[in-house]
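Worksheet for the structure shown next.
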Amino acid sequence: MQILSSERYFAEDSPPVKVFHQIRHAVVGMHTHEFYEFVFIEQGSCLHSGTDTSGILTAGDILLFPPGTAHAYVNTNSTWLYNCLFLPSALALYSAEELASPLFTTPWRVKTDPVCRQNFVQLLERIIFEQETRESGWERMITARFTEIMVLVERCIASAPQTDSQSAHYRDLMQVMRFIEEHPHQELTLEELARVAGMSQSNLTRQFKLTTGMAPVEYCRSFRIAKAGELLKCPGATVTGVASEMGFSDISVFSRQFKQVTGMSPTEFRRNL
């Protein structure tokens, strides 16, 4: 497994924060790093895999990986994202007790609403601007903007259970996504999902795609395959057994959908673990 070192990204006299804007993010194999990584999905979608879990990342997702966290981007679909890498020294304003909290010690993911997304993009772009122009005080400006980002992250996490958006359909869409993620062993139909959302099928498809970049049925298929990928990581798991456990009656259908989503067959996926 590749280990990304701090020296690769942070010069001795540079700020302890570095931001990259990745357009059409490429597939990245399992890796870990010596620093923290904050990821913001701007648009598109990708299949993300960790040591124990896999999932579909879509527009508006933010994730944090503490040092030493192993993860990979198995498949990407026109994914635009921001990587914010930072050293422990960037968290000097936090107490030892706060740094020992799950916010900084365990990987997490949260979905943001459209207003939060706009704020994240503005702050991340400001850091990139300061990195590139290096005008007087640029190091302090980066530190200030990074502090704003972390406060915004905390607020997004605190409000996640009762997220309220200017979009009238936002909470209904989150309910649909939860329903999909609670039923990974079923091949859900657009009719079922529209009923959960309380929308027409055409309106659900339009709103869901505006929010996530994916159609509802496409998200269902991708999430189902992501959960299958988790099972394939288990010692002794077989492709036939996983297909059956995930509700596929035909192994060829399972293998075909798995390759469509991940870019590789289930057997190849196991081989690359």
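By order of appearance in the structure tokens: chains A, B, ..., then residues from 1 within every chain, and ligands from 1 in the order shown.
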Practice task
Using backbone DSSP assignments, extract all strand (DSSP E or B) residues from stretch 53-211 of chain A; output them as a PyMOL selection string.
Solution key: chain A and resi 54-58+61-65+71-86+108-111
How would the residues just picked look written out with C-alpha atoms as a PDB file, in the first residue's frame?
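New file again.pdb:
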```pdb
ATOM      1  CA  SER A  54     -17.394   1.295   0.602  1.00  0.00           C
ATOM      2  CA  GLY A  55     -19.841   3.899  -0.641  1.00  0.00           C
ATOM      3  CA  ILE A  56     -20.917   6.250  -3.382  1.00  0.00           C
ATOM      4  CA  LEU A  57     -19.687   9.824  -3.053  1.00  0.00           C
ATOM      5  CA  THR A  58     -21.781  12.498  -4.757  1.00  0.00           C
ATOM      6  CA  ASP A  61     -20.252  15.142   0.347  1.00  0.00           C
ATOM      7  CA  ILE A  62     -17.458  16.152   2.698  1.00  0.00           C
ATOM      8  CA  LEU A  63     -15.111  13.613   4.246  1.00  0.00           C
ATOM      9  CA  LEU A  64     -12.214  13.704   6.658  1.00  0.00           C
ATOM     10  CA  PHE A  65      -9.453  11.106   6.877  1.00  0.00           C
ATOM     11  CA  HIS A  71      -8.814   4.447   1.364  1.00  0.00           C
ATOM     12  CA  ALA A  72      -9.143   4.350  -2.432  1.00  0.00           C
ATOM     13  CA  TYR A  73     -11.159   5.845  -5.288  1.00  0.00           C
ATOM     14  CA  VAL A  74     -12.211   2.706  -7.157  1.00  0.00           C
ATOM     15  CA  ASN A  75     -14.250   4.321  -9.912  1.00  0.00           C
ATOM     16  CA  THR A  76     -14.948   7.933 -10.860  1.00  0.00           C
ATOM     17  CA  ASN A  77     -17.626   9.573 -13.006  1.00  0.00           C
ATOM     18  CA  SER A  78     -16.713  13.136 -14.032  1.00  0.00           C
ATOM     19  CA  THR A  79     -15.708  13.771 -10.433  1.00  0.00           C
ATOM     20  CA  TRP A  80     -14.599  17.274  -9.485  1.00  0.00           C
ATOM     21  CA  LEU A  81     -13.312  17.559  -5.943  1.00  0.00           C
ATOM     22  CA  TYR A  82     -11.160  19.593  -3.585  1.00  0.00           C
ATOM     23  CA  ASN A  83      -8.419  17.984  -1.491  1.00  0.00           C
ATOM     24  CA  CYS A  84      -7.429  19.947   1.604  1.00  0.00           C
ATOM     25  CA  LEU A  85      -4.344  18.397   3.178  1.00  0.00           C
ATOM     26  CA  PHE A  86      -3.214  19.632   6.576  1.00  0.00           C
ATOM     27  CA  TRP A 108     -16.361  10.518   8.718  1.00  0.00           C
ATOM     28  CA  ARG A 109     -18.620  11.702   5.928  1.00  0.00           C
ATOM     29  CA  VAL A 110     -21.520  14.137   5.887  1.00  0.00           C
ATOM     30  CA  LYS A 111     -23.798  15.499   3.149  1.00  0.00           C
TER      31      LYS A 111
END
```
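Using only C-alpha atoms, the contacts of stretch 178-181 of chain A at a cut-off of 12 Å, with sequence neighbours closer than 6 positions omitted, comprise Ser54, Gly55, Ile56, Lys111, Pro161, Arg171, Asp172, Glu187, Leu188, Thr189, Leu190, Glu192, Leu193, Ala194, Arg195, Val196, Ala197, Pro216, Val217, Glu218, Tyr219, Cys220, Arg221, Ser222, Phe223, Arg224, Ile225, Ala226 and Lys227 of chain A.
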Handout entry: Shell around A:Met150 at 12 Å using only C-alpha atoms, local window under 3 positions removed, as a ChimeraX atom specification
Key = /A:17,38,62-64,84,86,90-91,93-94,103-104,119-120,123-124,143-147,153-157
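Every residue of stretch 24-117 of chain A found in helix (DSSP H, G or I) when DSSP is run on the backbone appears here: Pro88, Ser89, Ala90, Leu91, Ala96, Glu97, Glu98, Leu99, Pro102, Leu103, Phe104, Thr105, Pro114, Val115, Cys116 and Arg117 of chain A.
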Put those residues in a file: C-alpha atoms, as a PDB file, in the first residue's frame.
```
ATOM      1  CA  PRO A  88      -1.574  18.538  13.032  1.00  0.00           C
ATOM      2  CA  SER A  89       0.051  21.947  13.559  1.00  0.00           C
ATOM      3  CA  ALA A  90      -2.842  23.508  11.595  1.00  0.00           C
ATOM      4  CA  LEU A  91      -5.128  22.554  14.498  1.00  0.00           C
ATOM      5  CA  ALA A  96      -6.157  18.287  23.472  1.00  0.00           C
ATOM      6  CA  GLU A  97      -9.645  17.126  24.434  1.00  0.00           C
ATOM      7  CA  GLU A  98     -11.119  18.361  21.145  1.00  0.00           C
ATOM      8  CA  LEU A  99      -8.333  16.731  19.128  1.00  0.00           C
ATOM      9  CA  PRO A 102     -14.130  11.529  16.788  1.00  0.00           C
ATOM     10  CA  LEU A 103     -14.021  14.669  14.623  1.00  0.00           C
ATOM     11  CA  PHE A 104     -10.247  14.253  14.351  1.00  0.00           C
ATOM     12  CA  THR A 105      -9.593  10.598  15.220  1.00  0.00           C
ATOM     13  CA  PRO A 114     -26.413  23.843  -1.335  1.00  0.00           C
ATOM     14  CA  VAL A 115     -25.666  26.880   0.853  1.00  0.00           C
ATOM     15  CA  CYS A 116     -22.836  25.107   2.697  1.00  0.00           C
ATOM     16  CA  ARG A 117     -21.411  23.904  -0.602  1.00  0.00           C
TER      17      ARG A 117
END
```
Practice task
Can you work out the spacing between atom CA of A:Phe35 and atom CA of A:Leu87 in Å, to one decimal?
Solution key: 5.2 Å
Problem - Nearest residue to A:Pro184 from the set A:Gly50, A:Gly229, A:Gly29, A:Pro66 (distances using only C-alpha atoms) - result: A:Gly229
Handout entry: All residues 8 Å or closer to A:Ile3, only C-alpha atoms, same chain fewer than 5 positions away omitted, as a VMD selection string
Key = chain A and resid 31 to 34
